[in-house]
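Peer 1: Below you'll find the structure I mean.
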Amino acid sequence: MTQALLLGCIADDFTGATDLANNLVRAGMRVVQTIGVPVAPLQDDVDAVVVALKSRTIPAAEAVAQSLAALHWLRQQGARQIYFKYCSTFDSTAAGNIGPVTDALMQALGTPFTIATPAFPDNQRTVFKGYLFVGDKLLNESGMQHHPLTPMTDPNLVRVLQAQTTQKVGLIDHRVLAQGEAAIRARISQLQAEGVAMAVVDAVSNDDLLRLGPALSDMALVTAGSGVAIALPANFGIKPSSQAAALPKAQGHRAIVSGSCSVATNQQVAHFIGSGGHAIAIDPLRIAAGTDVAGEVLAWAKDRLAQGPVLVYSTATPDAVKSVQGQLGTAEAGAMVEDSIANIAAGLVAMGTQQLVVAGGETSGAVVQKLGIGQLRIGPQIDPGVPWCHASVTPQQGLHLALKSGNFGSADFFTKAFAQLS
Ligand code: ADP
């Protein structure tokens with residue numbers, strides 16, 4: 001019998017979910033991340049579950065429906081507080097989905113008030129007077145104004161959120177934050193008396209977030225980036241502890257599959273090869289020509305797996321990627337390589353790999369889906385934003401997984417990751 005869940009989280013994308021889970025683990029919670037809304041009850045005895053949706057840019061009505069399904073499941077598991085997690089750059093359009101999902105969750109929970117803050121000072125996302133900064137730049141000067149799906153052209157979050165909801169949006173500013181819990185609670189009462197239902201909250205440092213935390217202890221719903229997560233476990237009497245990140249003992253073969261072509265991944269691949277690691281490149285043009293590249297790679301890996309970690313990569317320089325995309329089409333090349341890497345990952349796991357690093361956000365999605373993984377227990381952080389996770393591939397076979405999105409991790413990430421597990 002598992003204990004009732006404390007914190008139930010709904011994240012609007014996969015890597016954002018991991019980011020939140022990682023912060024909660026570092027603050028002492030035992031956390032499971034699920035891929036989509038689970039169909040079965042929670043098996044693990046954990047403090048928090050992060051349900052990873054892919055709802056950031058889908059039509060608002062679908063995002064609402066998926067989020068409500070997640071809420072329903074989380075409440076069935078006994079979640080005492082709900083956390084709606086979005087991007088630390090508040091990625092959304094005038095149509096949503098942050099406003100509509102927040103409205104729907106508030107209504108379903110019967111709660112009249114919530115906060116909204118993407119502040120994540122550790123990642124250079126700060127909110128001051130309701131304006132969001134990315135590093136030293138305002139949101140709309142940070143490059144986010146050119147985002148292909150969610151261009152952010154207004155840095156004022158009160159205005160941005162107000163455009164997405166018919167409920168009234170207000171602000172809890174830094175002067176209130178500086179005074180701590182009692183002042184924050186008084187400001188919330190004042191805003192509610194003025195008919196405000198959602199308040200953007202300033203935070204420029206972790207200290208601000210830690211002062212905010214206690215004032216959220218009885219809030220049914222919190223909406224935020226992953227920053228606020230550092231301040232919530234203490235409300236449940238939970239302190240940071242290495243036990244929260246404990247995973248089963250690592251065993252089996254070790255492998256890395258990389259479909260990321262980001263700058264950091266190119267460096268990591270070069271570093272691994274330069275350190276004498278066994279590596280094999282896969283060529284998208286040969287996949288497109290119908291060669292059984294996955295078969296070749298698995299035959300190559302067969303005798304090498306026992307000798308140490310192997311790396312399989314399609315990682316290439318921007319020029320090489322452009323050339324392939326020109327010949328195959330961008331989406332076609334991407335899908336083909338993802339599919340091939342997912343098949344290779346499944347083959348490596350079938351050959352006894354039980355420690356797997358995946359580089360690339362989309363690539364990670366493809367691999368996790370291919371392996372049929374529904375949930376991940378979150379373990380210790382390897383580098384900021386990238387924890388080791390543990391999943392069951394079959395009831396008999398466990399798998400340690402590190403899912404690294406493009407630009408995360410230091411140059412020696414691959415070797416460092418395995419060293420940490422052993
Ligand atoms: P990142 O996290 O670095 O953005 P992703 O896995 O999200 O990495 O995206 C990389 C995309 O590029 C994937 O769709 C992948 O299949 C594709 N890709 C990988 N290698 C190549 C290559 N050599 N040529 C063209 N496309 C590639």
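Lettering and numbering for the structure tokens are positional, with chains as A, B, ... in the shown order, residues counted from 1 in each chain, and ligands counted from 1 in the shown order.
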Can I get the residues close to ligand 1 as a PyMOL selection string, where close means within 6 Å and we count only C-alpha atoms and all ligand atoms?
Peer 2: chain A and resi 259-262+284+314-316+321+324-325+333-335+337-338+360-363+405-406
Peer 1: Just the residues within 12 Å of Phe90 in chain A, please, counting only C-alpha atoms, with nothing from its chain fewer than 4 positions along; format it as a VMD selection string.
Peer 2: chain A and resid 12 16 56 to 57 85 to 86 94 96 to 99 116 to 120 125 to 127 131 to 134 139 to 140 144 to 145 147 150 to 158 160 to 161 200 223 to 226
Peer 1: Compile the contact shell of Thr15 in chain A as a VMD selection string: residues with an atom at most 10 Å away, counting only C-alpha atoms, same-chain residues fewer than 5 positions apart removed.
Peer 2: chain A and resid 20 to 21 52 54 87 361 to 362 364 to 365 385 to 386 403 to 405
Peer 1: Next, write the just-selected residues to a file, as a PDB file, in the first residue's frame, keeping N, CA and C atoms as the atom set.
Peer 2:
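Okay, result-v2.pdb is ready:
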```pdb
ATOM      1  N   LEU A  20      11.407  19.949 -13.635  1.00  0.00           N
ATOM      2  CA  LEU A  20      10.642  20.114 -12.392  1.00  0.00           C
ATOM      3  C   LEU A  20      10.939  18.960 -11.435  1.00  0.00           C
ATOM      4  N   ALA A  21      10.891  17.735 -11.954  1.00  0.00           N
ATOM      5  CA  ALA A  21      11.126  16.561 -11.110  1.00  0.00           C
ATOM      6  C   ALA A  21      12.507  16.652 -10.459  1.00  0.00           C
ATOM      7  N   ALA A  52       3.916  14.140 -17.378  1.00  0.00           N
ATOM      8  CA  ALA A  52       4.438  14.887 -18.526  1.00  0.00           C
ATOM      9  C   ALA A  52       3.461  14.809 -19.686  1.00  0.00           C
ATOM     10  N   LYS A  54       2.230  16.762 -23.520  1.00  0.00           N
ATOM     11  CA  LYS A  54       2.843  17.477 -24.634  1.00  0.00           C
ATOM     12  C   LYS A  54       1.773  18.484 -25.066  1.00  0.00           C
ATOM     13  N   CYS A  87       6.747  26.569 -19.141  1.00  0.00           N
ATOM     14  CA  CYS A  87       8.129  26.925 -19.441  1.00  0.00           C
ATOM     15  C   CYS A  87       8.554  28.175 -18.671  1.00  0.00           C
ATOM     16  N   GLY A 361      16.387  16.010 -27.249  1.00  0.00           N
ATOM     17  CA  GLY A 361      15.036  16.055 -26.689  1.00  0.00           C
ATOM     18  C   GLY A 361      14.062  15.196 -27.482  1.00  0.00           C
ATOM     19  N   GLU A 362      13.985  15.430 -28.788  1.00  0.00           N
ATOM     20  CA  GLU A 362      13.079  14.636 -29.629  1.00  0.00           C
ATOM     21  C   GLU A 362      13.536  13.184 -29.659  1.00  0.00           C
ATOM     22  N   SER A 364      15.067  11.591 -27.330  1.00  0.00           N
ATOM     23  CA  SER A 364      14.668  10.970 -26.061  1.00  0.00           C
ATOM     24  C   SER A 364      13.214  10.519 -26.108  1.00  0.00           C
ATOM     25  N   GLY A 365      12.362  11.383 -26.663  1.00  0.00           N
ATOM     26  CA  GLY A 365      10.944  11.037 -26.780  1.00  0.00           C
ATOM     27  C   GLY A 365      10.768   9.763 -27.596  1.00  0.00           C
ATOM     28  N   GLY A 385      19.716  20.125 -14.656  1.00  0.00           N
ATOM     29  CA  GLY A 385      18.587  19.782 -15.515  1.00  0.00           C
ATOM     30  C   GLY A 385      18.585  18.360 -16.035  1.00  0.00           C
ATOM     31  N   VAL A 386      19.641  17.587 -15.785  1.00  0.00           N
ATOM     32  CA  VAL A 386      19.686  16.202 -16.286  1.00  0.00           C
ATOM     33  C   VAL A 386      19.973  15.209 -15.160  1.00  0.00           C
ATOM     34  N   LEU A 403      18.244  11.294 -19.892  1.00  0.00           N
ATOM     35  CA  LEU A 403      17.694  11.917 -21.103  1.00  0.00           C
ATOM     36  C   LEU A 403      18.193  13.361 -21.140  1.00  0.00           C
ATOM     37  N   LYS A 404      19.117  13.604 -22.050  1.00  0.00           N
ATOM     38  CA  LYS A 404      19.797  14.907 -22.071  1.00  0.00           C
ATOM     39  C   LYS A 404      19.312  15.729 -23.253  1.00  0.00           C
ATOM     40  N   SER A 405      18.683  16.847 -23.000  1.00  0.00           N
ATOM     41  CA  SER A 405      18.279  17.637 -24.156  1.00  0.00           C
ATOM     42  C   SER A 405      19.479  18.457 -24.616  1.00  0.00           C
TER      43      SER A 405
END
```
Peer 1: What is the CA of Val349 in chain A to CA of Asp292 in chain A distance in Å?
Peer 2: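 Interatomic distance here is 18.2 Å.
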Peer 1: Find the spatial neighbours of Met219 in chain A, counting only C-alpha atoms, within a cut-off of 9 Å - ignore same-chain residues fewer than 5 positions away - and output them as a list in words.
Peer 2: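 The residues that qualify are Gln81, Ile82, Thr111, Phe113, Thr114 and Ile115 of chain A.
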Peer 1: Using N, CA and C atoms, can you write the selected residues to a file as a PDB file, in the first residue's frame?
Peer 2:
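File produced: part_13.pdb:
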```pdb
ATOM      1  N   GLN A  81      -1.686  18.802  -3.158  1.00  0.00           N
ATOM      2  CA  GLN A  81      -1.540  20.099  -3.819  1.00  0.00           C
ATOM      3  C   GLN A  81      -1.216  19.834  -5.288  1.00  0.00           C
ATOM      4  N   ILE A  82      -1.723  20.692  -6.167  1.00  0.00           N
ATOM      5  CA  ILE A  82      -1.503  20.530  -7.611  1.00  0.00           C
ATOM      6  C   ILE A  82      -0.583  21.645  -8.107  1.00  0.00           C
ATOM      7  N   THR A 111     -11.145  26.332  -6.602  1.00  0.00           N
ATOM      8  CA  THR A 111     -10.293  27.269  -5.862  1.00  0.00           C
ATOM      9  C   THR A 111     -10.350  28.653  -6.512  1.00  0.00           C
ATOM     10  N   PHE A 113      -8.241  31.265  -6.210  1.00  0.00           N
ATOM     11  CA  PHE A 113      -7.022  32.068  -6.370  1.00  0.00           C
ATOM     12  C   PHE A 113      -5.808  31.180  -6.594  1.00  0.00           C
ATOM     13  N   THR A 114      -4.937  31.632  -7.489  1.00  0.00           N
ATOM     14  CA  THR A 114      -3.653  30.949  -7.654  1.00  0.00           C
ATOM     15  C   THR A 114      -2.588  31.958  -8.073  1.00  0.00           C
ATOM     16  N   ILE A 115      -1.338  31.494  -8.043  1.00  0.00           N
ATOM     17  CA  ILE A 115      -0.241  32.348  -8.495  1.00  0.00           C
ATOM     18  C   ILE A 115       0.265  31.874  -9.853  1.00  0.00           C
TER      19      ILE A 115
END
```
Peer 1: Would you mind telling me which residue in A:Lys129, A:Met351, A:Ile378, A:Val64 lies nearest to Val101 in chain A when using only C-alpha atoms?
Peer 2: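 That would be A:Val64, the residue with the smallest distance to Val101 in chain A.
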Peer 1: Quick one, how far is CA of Val31 in chain A from CA of Thr89 in chain A?
Peer 2: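 Spanning CA of Val31 in chain A to CA of Thr89 in chain A is a straight-line distance of 24.0 Å.
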Peer 1: Using only C-alpha atoms, can you tell me which of A:Ala65, A:Val25, A:Ala40, A:Ala350 comes closest to Trp388 in chain A?
Peer 2: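 Looking at the shortest contact to Trp388 in chain A, the residue is A:Val25.
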Peer 1: CA of Glu194 in chain A and CA of Gly170 in chain A are how many Å apart?
Peer 2: 9.3 Å
